[in-house]
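Q: Below is a structure I'd like to ask you about.
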Protein chains: 2
Amino acid sequence: MLSQTAEYALRAVLYLGEHTGPVRVGDMAQALQIPRNYLSKILHLLARTGVLASARGKTGGFQLAVPADRLRLHHIIAPFDRIDERRRCLLGRPQCSDRTACAAHTRWKDVADTVASFFRETTVAELLSGAEVSV
Amino acid sequence: MLSQTAEYALRAVLYLGEHTGPVRVGDMAQALQIPRNYLSKILHLLARTGVLASARGKTGGFQLAVPADRLRLHHIIAPFDRIDERRRCLLGRPQCSDRTACAAHTRWKDVADTVASFFRETTVAELLSGAEVSV
DNA sequence: TCAATTTATCATATTATCATGATAAAAGGC
DNA sequence: GCCTTTTATCATGATAATATGATAAATTGA
């Protein structure tokens, strides 16, 4: 469902959501079993989009820049995996709305809305409250 | 949501669903704006999996091998895009069931089930009855 | 039989995704 | 100031998805 990159981003943010203070890339990479430099680029982009805060130097690392209960999955995933486009026509048509419906449109719409709502509404805090995320 | 290849497969089958008798690859490729040889391989695989029937020679072409009202989207998409795997843990864990739930599992399950059910239950006939599929 | 037509298949090219390795830039502590 | 630690960035490689081009194999109809 998610691209590998988006999945890494989500797991990384959830990890940061249950750790306070800055966490180093190397530590996260080892804990989450994600390639270090690859994770580094992902975290950097998340910092640029305002999801994370980064600091260099000896006491540096990454941490959430937004409270977990205000951070929605959409914010984390969007830079890597445009879930908005999932709502597009199942048959790949550029123009497919309620007015000009293709065969699949009507039936597909409810399904696509369910998926989109999940990412748009679910917060990091809600996921963390469900169960622990150790790995 | 679907891979490019799976989307081509679905559009091709819907096209065949509203045409009787064998249709040539070249005609379909032009009508659907899909690369000809690429479509050819897709149709061949659909024939091998029993979705389509193929015939060579002058009166050859492809047509549905199963009645449209018994042909489910899952049958068309599965060879190209394993939607079954979409039901796997959102966080990419190999082991994630109801018993050993990760943080995302409980909330994600309903969403994943909705998507899986759509492909598993919807038939080609149902899509075609909704509206015409010209392109 | 033979020629035309069509699917089947192989080889290869292109593009995007995923990942690695090395280096630069910034920050803190001595 | 200088060394260590850390993120930031660049260059490159590996792999899979997507697509193209050419040829082989099968079928039909004359």
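In the structure tokens, each chain is lettered A, B, ... as it comes, each chain's residues begin at 1, and ligands are numbered from 1 in order of appearance.
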As an mmCIF file with C-alpha atoms (C1' of nucleotides), in the first residue's frame, could you give me every residue of chain D near chain B (at most 10 Å apart, counting only C-alpha atoms (C1' of nucleotides))?

A:
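The result, written out as iface-v6.cif:
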data_model
loop_
_atom_site.group_PDB
_atom_site.id
_atom_site.type_symbol
_atom_site.label_atom_id
_atom_site.label_comp_id
_atom_site.auth_asym_id
_atom_site.auth_seq_id
_atom_site.Cartn_x
_atom_site.Cartn_y
_atom_site.Cartn_z
ATOM 1 C "C1'" DA D 17 8.936 -1.514 -13.340
ATOM 2 C "C1'" DT D 18 7.832 0.087 -17.706
ATOM 3 C "C1'" DA D 19 8.353 0.115 -22.546
ATOM 4 C "C1'" DT D 20 10.246 -0.814 -27.401
ATOM 5 C "C1'" DG D 21 11.883 -3.485 -31.458
ATOM 6 C "C1'" DA D 25 5.197 -19.641 -34.387
ATOM 7 C "C1'" DA D 26 0.560 -20.553 -35.455
ATOM 8 C "C1'" DT D 27 -3.760 -20.058 -38.104
ATOM 9 C "C1'" DT D 28 -6.754 -18.917 -41.875
ATOM 10 C "C1'" DG D 29 -8.243 -18.503 -46.544
#

Q: Could you list, as a CSV table (one decimal) with C-alpha atoms, in the first residue's frame, every residue of chain B that has an atom within 12 Å of an atom of chain C, counting only C-alpha atoms (C1' of nucleotides)?

A:
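What landed in result.csv:
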chain,number,residue,atom,x,y,z
B,22,PRO,CA,-12.1,-11.6,-30.9
B,23,VAL,CA,-10.4,-8.2,-30.8
B,24,ARG,CA,-6.9,-7.7,-32.1
B,25,VAL,CA,-4.1,-6.4,-29.9
B,26,GLY,CA,-3.4,-3.5,-32.4
B,27,ASP,CA,-7.0,-2.3,-32.2
B,37,ASN,CA,3.8,-4.9,-27.4
B,39,LEU,CA,-0.3,-4.8,-24.0
B,40,SER,CA,0.4,-8.0,-25.9
B,41,LYS,CA,2.3,-9.4,-23.0
B,42,ILE,CA,-0.3,-8.5,-20.5
B,43,LEU,CA,-3.1,-10.1,-22.6
B,44,HIS,CA,-1.0,-13.2,-23.0
B,45,LEU,CA,-0.6,-13.6,-19.3
B,47,ALA,CA,-4.9,-15.8,-21.3
B,48,ARG,CA,-2.6,-18.1,-19.4
B,53,ALA,CA,-9.1,-16.7,-24.6
B,54,SER,CA,-6.6,-16.1,-27.4
B,55,ALA,CA,-6.5,-17.2,-31.0
B,56,ARG,CA,-3.9,-16.7,-33.7
B,57,GLY,CA,-4.2,-16.1,-37.4
B,58,LYS,CA,-6.5,-14.2,-39.6
B,59,THR,CA,-9.6,-14.4,-37.4
B,60,GLY,CA,-7.6,-14.3,-34.2
B,61,GLY,CA,-7.6,-12.0,-31.3
B,62,PHE,CA,-8.6,-11.9,-27.6

Q: List every residue of chain B that DSSP, applied to the backbone of this structure, places in strand (DSSP E or B), and write the result as a count of residues only.

A: 11

Q: Figure out the distance between atom CA of B:Ala65 and atom CA of B:Val51, please, to one decimal in Å.

A: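 These atoms are spaced 5.4 Å apart.
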
Q: By how many Å are atom CA of A:Arg107 and atom CA of B:Ala29 apart?

A: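 According to the coordinates, atom CA of A:Arg107 and atom CA of B:Ala29 are separated by 25.8 Å.
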
Q: Grab the atom CA of B:Ile77 to atom CA of A:Tyr8 distance for me, in Å with one decimal place.

A: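 Going from atom CA of B:Ile77 over to atom CA of A:Tyr8 covers 26.3 Å.
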
Q: Which residues, written as a list in words, have at least one atom at most 9 Å from stretch 15-21 of chain A, with only C-alpha atoms (C1' of nucleotides) counted and residues fewer than 2 positions away on the same chain left out?

A: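 Surrounding residues, per the criterion: Leu10, Arg11, Ala12, Val13, Val23, Met28, Leu32, Gly61, Phe62, Gln63, Leu64, Pro67, Ala68, Val124, Ala125, Leu128, Glu132, Val133, Ser134 and Val135 of chain A.
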
Q: Please dump the current selection as a PDB file, in the first residue's frame; keep C-alpha atoms.

A:
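Wrote again-v1.pdb, looks like this:
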ATOM      1  CA  LEU A  10       6.115   6.452   9.026  1.00  0.00           C
ATOM      2  CA  ARG A  11       8.051   3.988  11.142  1.00  0.00           C
ATOM      3  CA  ALA A  12      10.697   6.598  11.855  1.00  0.00           C
ATOM      4  CA  VAL A  13       8.163   9.176  12.988  1.00  0.00           C
ATOM      5  CA  VAL A  23      17.597  10.817  18.457  1.00  0.00           C
ATOM      6  CA  MET A  28      17.265   4.920  14.621  1.00  0.00           C
ATOM      7  CA  LEU A  32      14.410   0.152  12.860  1.00  0.00           C
ATOM      8  CA  GLY A  61      19.571  14.456  16.213  1.00  0.00           C
ATOM      9  CA  PHE A  62      15.954  14.423  15.124  1.00  0.00           C
ATOM     10  CA  GLN A  63      12.730  14.861  17.051  1.00  0.00           C
ATOM     11  CA  LEU A  64       9.101  15.663  16.339  1.00  0.00           C
ATOM     12  CA  PRO A  67       2.845  17.374  18.929  1.00  0.00           C
ATOM     13  CA  ALA A  68       1.966  13.745  18.195  1.00  0.00           C
ATOM     14  CA  VAL A 124       0.568   9.653  15.326  1.00  0.00           C
ATOM     15  CA  ALA A 125      -0.733   9.840  18.887  1.00  0.00           C
ATOM     16  CA  LEU A 128       0.930   5.089  19.509  1.00  0.00           C
ATOM     17  CA  GLU A 132       3.740  -0.072  21.540  1.00  0.00           C
ATOM     18  CA  VAL A 133       5.965   0.318  18.517  1.00  0.00           C
ATOM     19  CA  SER A 134       9.271  -1.197  19.440  1.00  0.00           C
ATOM     20  CA  VAL A 135      10.441  -2.278  16.008  1.00  0.00           C
TER      21      VAL A 135
END

Q: Can you tell me, as an MDAnalysis selection string, which residues in chain B count as helix (DSSP H, G or I) by DSSP?

A: chainID B and resid 4:17 25:32 36:48 68:70 73:77 83:87 105:121 124:130

Q: Could you list, as a list in words, every residue within 12 Å of A:Val111, counting only C-alpha atoms (C1' of nucleotides) and ignoring same-chain residues fewer than 5 positions away?

A: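 In the requested format, the answer is Arg86, Arg87, Arg88, Cys89, Leu90, Ala104, His105, Thr106, Ala116, Ser117 and Phe118 of chain A; Met1, Asp110, Val111, Ala112, Asp113, Thr114, Val115, Ala116, Ser117, Phe118, Phe119 and Thr122 of chain B.
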
Q: Could those residues be written to a file, using C-alpha atoms, as a PDB file, in the first residue's frame?

A:
ATOM      1  CA  ARG A  86      -4.934   7.377  -5.069  1.00  0.00           C
ATOM      2  CA  ARG A  87      -8.315   9.000  -5.200  1.00  0.00           C
ATOM      3  CA  ARG A  88      -7.930   9.490  -8.904  1.00  0.00           C
ATOM      4  CA  CYS A  89      -9.861   7.310 -11.263  1.00  0.00           C
ATOM      5  CA  LEU A  90      -9.153   3.621 -10.873  1.00  0.00           C
ATOM      6  CA  ALA A 104     -15.420   2.143 -11.989  1.00  0.00           C
ATOM      7  CA  HIS A 105     -15.815   5.578 -10.549  1.00  0.00           C
ATOM      8  CA  THR A 106     -18.982   5.276  -8.521  1.00  0.00           C
ATOM      9  CA  ALA A 116      -7.774   8.780   2.054  1.00  0.00           C
ATOM     10  CA  SER A 117      -9.666   9.518   5.256  1.00  0.00           C
ATOM     11  CA  PHE A 118      -7.540   7.088   7.198  1.00  0.00           C
TER      12      PHE A 118
ATOM     13  CA  MET B   1      -3.485   2.459  -6.186  1.00  0.00           C
ATOM     14  CA  ASP B 110     -10.785  -2.042   8.422  1.00  0.00           C
ATOM     15  CA  VAL B 111      -9.368   0.103   5.660  1.00  0.00           C
ATOM     16  CA  ALA B 112      -7.406  -2.734   4.114  1.00  0.00           C
ATOM     17  CA  ASP B 113     -10.429  -5.002   4.265  1.00  0.00           C
ATOM     18  CA  THR B 114     -12.517  -2.441   2.430  1.00  0.00           C
ATOM     19  CA  VAL B 115     -10.010  -2.277  -0.402  1.00  0.00           C
ATOM     20  CA  ALA B 116      -9.542  -6.029  -0.588  1.00  0.00           C
ATOM     21  CA  SER B 117     -13.287  -6.656  -0.618  1.00  0.00           C
ATOM     22  CA  PHE B 118     -13.775  -4.241  -3.479  1.00  0.00           C
ATOM     23  CA  PHE B 119     -11.398  -6.137  -5.725  1.00  0.00           C
ATOM     24  CA  THR B 122     -16.716  -6.505  -7.744  1.00  0.00           C
TER      25      THR B 122
END
